[in-house]
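Visitor: The file below is query_26.txt, compact mmCIF, C-alpha atoms:
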# COMPACT_ATOMS: atom_id res chain seq x y z
CA MET A 1 99.03 94.04 51.22
CA GLU A 2 98.31 97.40 52.81
CA ASN A 3 95.98 95.78 55.35
CA GLN A 4 98.64 93.20 56.18
CA GLU A 5 101.22 95.95 56.88
CA LYS A 6 98.78 97.73 59.18
CA SER A 7 98.05 94.55 61.12
CA ASP A 8 101.78 94.06 61.78
CA VAL A 9 101.99 97.36 63.66
CA GLU A 10 101.55 96.74 67.37
CA PRO A 11 99.80 99.41 69.41
CA VAL A 12 101.90 101.40 71.85
CA VAL A 13 100.93 100.66 75.44
CA GLU A 14 101.63 103.38 77.97
CA PRO A 15 103.15 102.07 81.21
CA ALA A 16 100.74 102.13 84.12
CA VAL A 17 101.44 104.60 86.91
CA GLU A 18 101.89 102.76 90.19
CA GLU A 19 99.49 103.95 92.86
CA VAL A 20 100.74 103.63 96.42
CA PRO A 21 97.82 102.92 98.80
CA GLU A 22 97.35 104.88 102.02
CA PHE A 23 96.57 103.43 105.44
CA LYS A 24 95.27 105.23 108.52
CA GLY A 25 95.53 104.60 112.24
CA LYS A 26 95.29 106.35 115.58
CA ASN A 27 99.09 106.15 115.78
CA LEU A 28 102.00 104.92 113.63
CA GLU A 29 101.87 101.37 114.96
CA ASP A 30 98.12 101.17 114.29
CA ALA A 31 98.61 102.43 110.71
CA ILE A 32 101.35 99.83 110.09
CA LEU A 33 99.12 97.07 111.48
CA HIS A 34 96.38 98.26 109.12
CA ALA A 35 98.82 98.05 106.20
CA GLU A 36 99.89 94.54 107.23
CA HIS A 37 96.25 93.43 107.33
CA ARG A 38 95.35 94.95 103.97
CA LEU A 39 98.56 93.99 102.13
CA LYS A 40 98.55 90.54 103.79
CA VAL A 41 102.33 90.62 104.39
CA PRO A 42 104.46 91.39 107.48
CA ARG A 43 105.95 94.87 107.78
CA THR A 44 109.40 93.58 106.85
CA GLU A 45 108.09 92.92 103.33
CA PHE A 46 106.84 96.42 102.58
CA GLU A 47 108.25 99.92 102.74
CA TYR A 48 106.29 102.90 104.06
CA GLU A 49 106.47 106.62 104.67
CA VAL A 50 104.45 108.88 106.95
CA VAL A 51 102.19 111.16 104.87
CA THR A 52 100.67 113.09 107.75
CA GLU A 53 100.20 112.87 111.48
CA LYS A 54 97.60 115.22 112.87
CA THR A 55 95.02 115.76 115.58
CA ARG A 56 91.45 115.15 114.50
CA LEU A 57 88.81 117.86 114.47
CA PHE A 58 87.92 119.23 117.91
CA GLY A 59 90.91 117.38 119.36
CA LEU A 60 89.15 113.99 119.25
CA GLY A 61 92.27 111.82 119.11
CA LYS A 62 95.02 111.67 116.48
CA GLU A 63 95.25 110.15 113.03
CA VAL A 64 98.38 108.94 111.25
CA VAL A 65 98.36 108.33 107.49
CA ILE A 66 101.10 106.30 105.78
CA ARG A 67 101.76 105.14 102.23
CA ALA A 68 102.95 101.54 101.99
CA LYS A 69 103.92 99.25 99.13
CA ILE A 70 105.34 95.75 98.93
CA LYS A 71 109.04 95.61 98.10
CA LYS A 72 109.75 94.49 94.56
CA ALA A 73 110.39 90.81 94.01
CA GLY A 74 113.85 89.80 92.93
CA MET A 75 115.52 92.49 95.00
CA SER A 76 116.56 90.06 97.72
CA GLY A 77 120.31 89.88 98.17
CA ASP A 78 123.06 88.92 100.54
CA LEU A 79 124.26 92.06 102.32
CA THR A 80 127.67 90.61 103.04
CA VAL A 81 128.34 89.63 99.42
CA PHE A 82 127.13 92.99 98.15
CA LEU A 83 129.11 95.02 100.67
CA ASP A 84 132.30 93.01 100.06
CA ARG A 85 132.02 93.75 96.34
CA LEU A 86 131.18 97.38 97.03
CA MET A 87 134.19 97.84 99.32
CA ASP A 88 136.48 96.50 96.56
CA VAL A 89 135.50 99.31 94.17
CA PHE A 90 134.45 102.05 96.61
CA PRO A 91 136.93 104.98 96.60
CA LEU A 92 136.99 105.15 100.43
CA GLU A 93 138.77 102.95 102.93
CA LEU A 94 135.90 101.55 105.02
CA THR A 95 135.04 98.58 107.15
CA TYR A 96 131.61 97.34 108.18
CA GLU A 97 129.85 95.18 110.74
CA ILE A 98 126.35 93.70 110.38
CA LYS A 99 124.02 93.06 113.31
CA SER A 100 120.43 91.83 113.14
CA LYS A 101 117.55 92.46 115.53
CA ASP A 102 113.76 92.21 115.09
CA GLU A 103 113.96 91.65 111.32
CA ILE A 104 116.22 94.70 110.87
CA SER A 105 119.80 94.55 109.63
CA PHE A 106 122.08 97.17 111.19
CA VAL A 107 125.22 98.02 109.20
CA ILE A 108 127.83 99.93 111.20
CA PHE A 109 130.62 101.48 109.12
CA GLY A 110 134.15 102.21 110.32
CA GLY A 111 137.60 102.55 108.80
CA ALA A 112 140.11 105.27 108.02
CA ASP A 113 137.69 107.28 105.84
CA LYS A 114 134.59 106.91 108.00
CA GLN A 115 134.36 110.65 108.69
CA LEU A 116 133.74 111.28 104.99
CA LEU A 117 130.47 109.34 105.31
CA LEU A 118 129.29 112.01 107.76
CA TRP A 119 130.17 114.97 105.51
CA LYS A 120 127.27 117.29 104.69
CA ASP A 121 125.06 115.95 107.47
CA GLY A 122 125.64 112.31 106.62
CA ALA A 123 124.55 112.59 102.97
CA LEU A 124 126.75 109.69 101.79
CA LEU A 125 125.83 107.51 104.76
CA LEU A 126 122.11 107.99 104.10
CA ALA A 127 122.66 107.34 100.38
CA LEU A 128 124.25 103.99 101.28
CA GLN A 129 121.26 103.15 103.46
CA HIS A 130 118.90 103.92 100.58
CA LEU A 131 120.96 101.69 98.27
CA LEU A 132 121.14 98.77 100.72
CA ASN A 133 117.37 98.86 101.24
CA LYS A 134 116.99 98.35 97.50
CA ILE A 135 119.04 95.14 97.32
CA THR A 136 117.53 93.23 100.24
CA ASP A 137 114.02 92.41 101.39
CA LYS A 138 114.96 93.14 105.03
CA LYS A 139 114.94 96.66 106.40
CA VAL A 140 118.47 98.07 106.67
CA GLN A 141 119.66 100.85 108.96
CA VAL A 142 123.20 102.18 108.67
CA ASP A 143 125.27 104.05 111.22
CA CYS A 144 128.74 105.44 111.80
CA GLU A 145 130.15 107.09 114.93
CA PHE A 146 126.64 107.09 116.48
CA PHE A 147 125.48 109.45 113.73
CA ARG A 148 121.88 108.18 113.85
CA LYS A 149 121.47 108.76 117.58
CA ARG A 150 122.98 112.25 117.39
CA LYS A 151 120.97 113.09 114.27
CA GLU A 152 117.68 111.98 115.80
CA LYS A 153 118.29 113.97 119.00
CA SER A 154 119.29 117.10 117.08
CA LEU A 155 116.29 116.88 114.75
CA ARG A 156 113.91 116.09 117.59
CA ASP A 157 115.14 119.06 119.66
CA TYR A 158 114.88 121.38 116.65
CA THR A 159 111.35 120.19 115.86
CA LEU A 160 110.19 120.69 119.44
CA GLU A 161 111.63 124.22 119.39
CA VAL A 162 109.75 125.02 116.16
CA ALA A 163 106.53 123.41 117.42
CA ARG A 164 106.58 125.46 120.62
CA ARG A 165 107.26 128.60 118.60
CA VAL A 166 104.26 127.79 116.38
CA SER A 167 102.16 127.18 119.50
CA ASP A 168 103.08 130.60 120.88
CA SER A 169 102.72 132.57 117.64
CA GLY A 170 99.89 130.69 115.91
CA ARG A 171 101.87 130.93 112.65
CA ASN A 172 102.64 127.96 110.41
CA GLU A 173 106.29 127.08 109.78
CA ILE A 174 107.63 125.03 106.87
CA LEU A 175 110.91 123.17 107.31
CA ASP A 176 113.61 122.46 104.74
CA LEU A 177 113.54 119.44 102.41
CA MET A 178 113.92 116.13 104.24
CA ASN A 179 114.12 112.42 103.41
CA PRO A 180 111.51 109.94 104.76
CA TYR A 181 113.69 108.98 107.74
CA GLU A 182 114.03 112.62 108.83
CA ARG A 183 110.35 113.41 108.23
CA ARG A 184 109.24 110.53 110.43
CA ILE A 185 111.26 111.95 113.36
CA VAL A 186 109.77 115.40 112.77
CA HIS A 187 106.17 114.14 112.62
CA ILE A 188 106.53 112.23 115.88
CA ALA A 189 108.26 115.11 117.71
CA ALA A 190 105.87 117.82 116.47
CA ASN A 191 102.85 115.95 117.74
CA GLN A 192 104.29 115.81 121.24
CA VAL A 193 103.39 119.48 121.64
CA PRO A 194 99.69 119.90 122.54
CA GLY A 195 97.61 121.59 119.85
CA ILE A 196 100.31 121.19 117.18
CA THR A 197 100.37 118.85 114.21
CA SER A 198 102.34 118.38 110.99
CA GLU A 199 102.06 117.21 107.41
CA SER A 200 104.39 116.46 104.49
CA LEU A 201 104.29 118.76 101.46
CA GLY A 202 105.27 117.96 97.89
CA GLU A 203 106.07 114.82 95.93
CA GLY A 204 109.13 112.63 95.54
CA PHE A 205 111.82 111.37 97.89
CA LEU A 206 112.57 114.75 99.46
CA LYS A 207 109.66 116.71 100.92
CA ARG A 208 109.09 119.63 103.27
CA VAL A 209 107.17 119.36 106.54
CA LYS A 210 104.64 121.97 107.64
CA ILE A 211 104.14 122.43 111.37
CA PHE A 212 100.93 124.22 112.28
CA PRO A 213 98.38 124.73 115.09
CA VAL A 214 95.29 122.55 115.11
CA ASN A 215 92.68 124.62 116.90
CA ARG A 216 93.84 128.16 116.17
CA ARG A 217 93.57 130.09 112.94
CA PRO A 218 97.08 130.97 111.64
CA ARG A 219 97.98 134.64 111.99
Using structure tokens, write down the structure that the file contains.

Guide:
Amino acid sequence: MENQEKSDVEPVVEPAVEEVPEFKGKNLEDAILHAEHRLKVPRTEFEYEVVTEKTRLFGLGKEVVIRAKIKKAGMSGDLTVFLDRLMDVFPLELTYEIKSKDEISFVIFGGADKQLLLWKDGALLLALQHLLNKITDKKVQVDCEFFRKRKEKSLRDYTLEVARRVSDSGRNEILDLMNPYERRIVHIAANQVPGITSESLGEGFLKRVKIFPVNRRPR
């Protein structure tokens, strides 16, 4: 009887930790092509983030490293249906328009409360983008009042200023926490300055970016 009771107890299985593979290339496009080849799916079916973008030793070209994983099955959804339902319960008065180009869905928000989406550097707008990318297998980019264009220019200009300062001083600089969209802009801009590279620090959705000289020892 005792043996029977023991046999009825099922062992506890610990959930496996998902490992996100890394892919390298001489630039971002090359790294994405590498991921497409290895994952055997088009880029619209996986999500990726730039891990690091740096100049190789002795300045022999550049190397971009990304992490990419296939989007979960069953997350496909109709953006229009979801947004209509969301607008019914959302506590803001908003409108939206959807445009598609090159396998990307662009959602442009408007309405009486649109300025609230841009509060605190577009925190709510970017949160909506993160949500919409979870319910559809197409890449979604959101915008409101040309926020994305202004944000990218501001972040690019700031990054170039920091990169040039690092180039002059030889000292590393670490930027504030950023989401993957912001980090990608920083990595691309930082590497436009000769002798300067960048890398992401930390784990999770928000990470810091370190900008540092390639061929000079930090002072």

Visitor: Of the residues A:Leu206, A:Leu33, A:Leu116, A:Val142, which is the one nearest to Leu128 (chain A), using only C-alpha atoms?

Guide: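 Result for the nearest residue to Leu128 (chain A): A:Val142.
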
Visitor: Leaving out Glu22 (chain A) and any residue of its chain fewer than 4 positions from it, which residues lie within 9 Å of it when counting all atoms listed in the file, given as a PyMOL selection string?

Guide: chain A and resi 35+51+65-68

Visitor: Using all atoms listed in the file, can you tell me which of A:Val209, A:Val20, A:Ala190, A:Val50 comes closest to Leu175 (chain A)?

Guide: A:Val209

Visitor: For Leu125 (chain A), work out the shell of residues within 9 Å, counting all atoms listed in the file and skipping chain neighbours fewer than 2 positions away, then give it as an mmCIF file with C-alpha atoms, in the coordinates of the input.

Guide:
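As a result, selection-v8.cif now contains:
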data_model
loop_
_atom_site.group_PDB
_atom_site.id
_atom_site.type_symbol
_atom_site.label_atom_id
_atom_site.label_comp_id
_atom_site.auth_asym_id
_atom_site.auth_seq_id
_atom_site.Cartn_x
_atom_site.Cartn_y
_atom_site.Cartn_z
ATOM 1 C CA PHE A 109 130.620 101.480 109.120
ATOM 2 C CA LEU A 116 133.740 111.280 104.990
ATOM 3 C CA LEU A 117 130.470 109.340 105.310
ATOM 4 C CA LEU A 118 129.290 112.010 107.760
ATOM 5 C CA TRP A 119 130.170 114.970 105.510
ATOM 6 C CA ASP A 121 125.060 115.950 107.470
ATOM 7 C CA GLY A 122 125.640 112.310 106.620
ATOM 8 C CA ALA A 123 124.550 112.590 102.970
ATOM 9 C CA ALA A 127 122.660 107.340 100.380
ATOM 10 C CA LEU A 128 124.250 103.990 101.280
ATOM 11 C CA GLN A 129 121.260 103.150 103.460
ATOM 12 C CA HIS A 130 118.900 103.920 100.580
ATOM 13 C CA VAL A 142 123.200 102.180 108.670
ATOM 14 C CA ASP A 143 125.270 104.050 111.220
ATOM 15 C CA CYS A 144 128.740 105.440 111.800
#

Visitor: Report, in Å with one decimal, the straight-line distance from CA of Lys138 (chain A) to CA of Glu47 (chain A).

Guide: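 So the two atoms, CA of Lys138 (chain A) and CA of Glu47 (chain A), lie 9.8 Å apart.
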
Visitor: Can you pull out the residues contacting region 92-101 of chain A? Cut-off 10 Å, using only C-alpha atoms, and skip same-chain residues under 2 positions away; I want them as a ChimeraX atom specification.

Guide: /A:79-80,83-84,87-90,103-117,138-144

Visitor: Give me the residues near Thr52 (chain A) as a short mmCIF file (atom, residue, chain, number, x, y, z; two decimals) with C-alpha atoms, in the coordinates of the input, where near means some atom within 9 Å (using only C-alpha atoms) and where sequence neighbours in that chain fewer than 2 positions away do not count.

Guide:
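Done, and the output landed in out-v5.cif:
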data_model
loop_
_atom_site.label_atom_id
_atom_site.label_comp_id
_atom_site.auth_asym_id
_atom_site.auth_seq_id
_atom_site.Cartn_x
_atom_site.Cartn_y
_atom_site.Cartn_z
CA VAL A 50 104.45 108.88 106.95
CA LYS A 54 97.60 115.22 112.87
CA GLU A 63 95.25 110.15 113.03
CA VAL A 64 98.38 108.94 111.25
CA VAL A 65 98.36 108.33 107.49
CA ILE A 66 101.10 106.30 105.78
CA HIS A 187 106.17 114.14 112.62
CA THR A 197 100.37 118.85 114.21
CA SER A 198 102.34 118.38 110.99
CA GLU A 199 102.06 117.21 107.41
CA SER A 200 104.39 116.46 104.49
#

Visitor: What is the CA of Lys24 (chain A) to CA of Lys151 (chain A) distance in Å?

Guide: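 Taking CA of Lys24 (chain A) and CA of Lys151 (chain A), their separation equals 27.5 Å.
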
Visitor: What is the distance, in Å and to one decimal place, between CA of Leu86 (chain A) and CA of Phe147 (chain A)?

Guide: 21.4 Å

Visitor: Applying 12 Å and all atoms listed in the file, which residues near Gly170 (chain A) remain after dropping the ones on its own chain fewer than 2 positions away? List them as a short mmCIF file (atom, residue, chain, number, x, y, z; two decimals) with C-alpha atoms, in the coordinates of the input.

Guide:
data_model
loop_
_atom_site.label_atom_id
_atom_site.label_comp_id
_atom_site.auth_asym_id
_atom_site.auth_seq_id
_atom_site.Cartn_x
_atom_site.Cartn_y
_atom_site.Cartn_z
CA VAL A 162 109.75 125.02 116.16
CA ALA A 163 106.53 123.41 117.42
CA ARG A 164 106.58 125.46 120.62
CA ARG A 165 107.26 128.60 118.60
CA VAL A 166 104.26 127.79 116.38
CA SER A 167 102.16 127.18 119.50
CA ASP A 168 103.08 130.60 120.88
CA ASN A 172 102.64 127.96 110.41
CA GLU A 173 106.29 127.08 109.78
CA GLY A 195 97.61 121.59 119.85
CA ILE A 196 100.31 121.19 117.18
CA THR A 197 100.37 118.85 114.21
CA ILE A 211 104.14 122.43 111.37
CA PHE A 212 100.93 124.22 112.28
CA PRO A 213 98.38 124.73 115.09
CA VAL A 214 95.29 122.55 115.11
CA ASN A 215 92.68 124.62 116.90
CA ARG A 216 93.84 128.16 116.17
CA ARG A 217 93.57 130.09 112.94
CA PRO A 218 97.08 130.97 111.64
CA ARG A 219 97.98 134.64 111.99
#

Visitor: Just checking: using all atoms listed in the file, which residue out of A:Glu182, A:Asp78, A:Asp176, A:Glu29 ends up closest to Glu152 (chain A)?

Guide: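 Nearest candidate to Glu152 (chain A) out of A:Glu182, A:Asp78, A:Asp176, A:Glu29: A:Glu182.
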
Visitor: Given only C-alpha atoms as the basis, pick out the residue of A:Arg43, A:Arg156, A:Lys62, A:Arg85 nearest to Asp137 (chain A).

Guide: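 For Asp137 (chain A), the nearest of the given residues is A:Arg43.
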
Visitor: Can you work out which one of A:Glu203, A:Ile135, A:Glu53, A:Ala31 has the shortest atom-to-atom distance to Val81 (chain A), counting only C-alpha atoms?

Guide: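 Looking at the shortest contact to Val81 (chain A), the residue is A:Ile135.
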
Visitor: Under the rule that all atoms listed in the file are counted, which of A:Pro21, A:Pro180, A:Gly204, A:Pro194 is the nearest residue to Lys69 (chain A)?

Guide: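 Result for the nearest residue to Lys69 (chain A): A:Pro21.
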
Visitor: Using the atoms already present, construct N, CA and C atoms for region 186-208 of chain A and hand them back as a short mmCIF file (atom, residue, chain, number, x, y, z; two decimals), keeping the file's coordinate frame.

Guide:
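Result file is selection.cif:
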data_model
loop_
_atom_site.label_atom_id
_atom_site.label_comp_id
_atom_site.auth_asym_id
_atom_site.auth_seq_id
_atom_site.Cartn_x
_atom_site.Cartn_y
_atom_site.Cartn_z
N VAL A 186 110.42 114.11 112.62
CA VAL A 186 109.77 115.40 112.77
C VAL A 186 108.29 115.23 113.10
N HIS A 187 107.61 114.35 112.37
CA HIS A 187 106.17 114.14 112.62
C HIS A 187 105.92 113.69 114.06
N ILE A 188 106.73 112.74 114.53
CA ILE A 188 106.53 112.23 115.88
C ILE A 188 106.81 113.30 116.93
N ALA A 189 107.90 114.07 116.73
CA ALA A 189 108.26 115.11 117.71
C ALA A 189 107.25 116.25 117.73
N ALA A 190 106.80 116.69 116.55
CA ALA A 190 105.87 117.82 116.47
C ALA A 190 104.58 117.53 117.21
N ASN A 191 104.12 116.30 117.12
CA ASN A 191 102.85 115.95 117.74
C ASN A 191 102.94 115.71 119.24
N GLN A 192 104.14 115.87 119.79
CA GLN A 192 104.29 115.81 121.24
C GLN A 192 103.89 117.11 121.90
N VAL A 193 103.80 118.18 121.11
CA VAL A 193 103.39 119.48 121.64
C VAL A 193 101.88 119.62 121.50
N PRO A 194 101.15 119.81 122.60
CA PRO A 194 99.69 119.90 122.54
C PRO A 194 99.21 120.98 121.58
N GLY A 195 98.20 120.63 120.78
CA GLY A 195 97.61 121.59 119.85
C GLY A 195 98.40 121.80 118.57
N ILE A 196 99.47 121.03 118.37
CA ILE A 196 100.31 121.19 117.18
C ILE A 196 100.32 119.89 116.38
N THR A 197 100.30 120.02 115.08
CA THR A 197 100.37 118.85 114.21
C THR A 197 101.28 119.16 113.03
N SER A 198 101.42 118.21 112.12
CA SER A 198 102.34 118.38 110.99
C SER A 198 101.86 117.59 109.80
N GLU A 199 102.36 117.96 108.62
CA GLU A 199 102.06 117.21 107.41
C GLU A 199 103.18 117.39 106.41
N SER A 200 103.36 116.40 105.53
CA SER A 200 104.39 116.46 104.49
C SER A 200 103.83 117.19 103.28
N LEU A 201 104.69 117.99 102.64
CA LEU A 201 104.29 118.76 101.46
C LEU A 201 105.15 118.36 100.27
N GLY A 202 104.52 118.24 99.10
CA GLY A 202 105.27 117.96 97.89
C GLY A 202 105.24 116.50 97.49
N GLU A 203 105.98 116.17 96.44
CA GLU A 203 106.07 114.82 95.93
C GLU A 203 107.53 114.41 95.81
N GLY A 204 107.77 113.12 95.72
CA GLY A 204 109.13 112.63 95.54
C GLY A 204 109.79 112.22 96.83
N PHE A 205 111.06 111.89 96.74
CA PHE A 205 111.82 111.37 97.89
C PHE A 205 112.02 112.44 98.95
N LEU A 206 112.36 113.64 98.53
CA LEU A 206 112.57 114.75 99.46
C LEU A 206 111.31 115.61 99.52
N LYS A 207 110.84 115.88 100.74
CA LYS A 207 109.66 116.71 100.92
C LYS A 207 109.88 117.66 102.09
N ARG A 208 109.07 118.71 102.14
CA ARG A 208 109.09 119.63 103.27
C ARG A 208 108.02 119.21 104.27
#
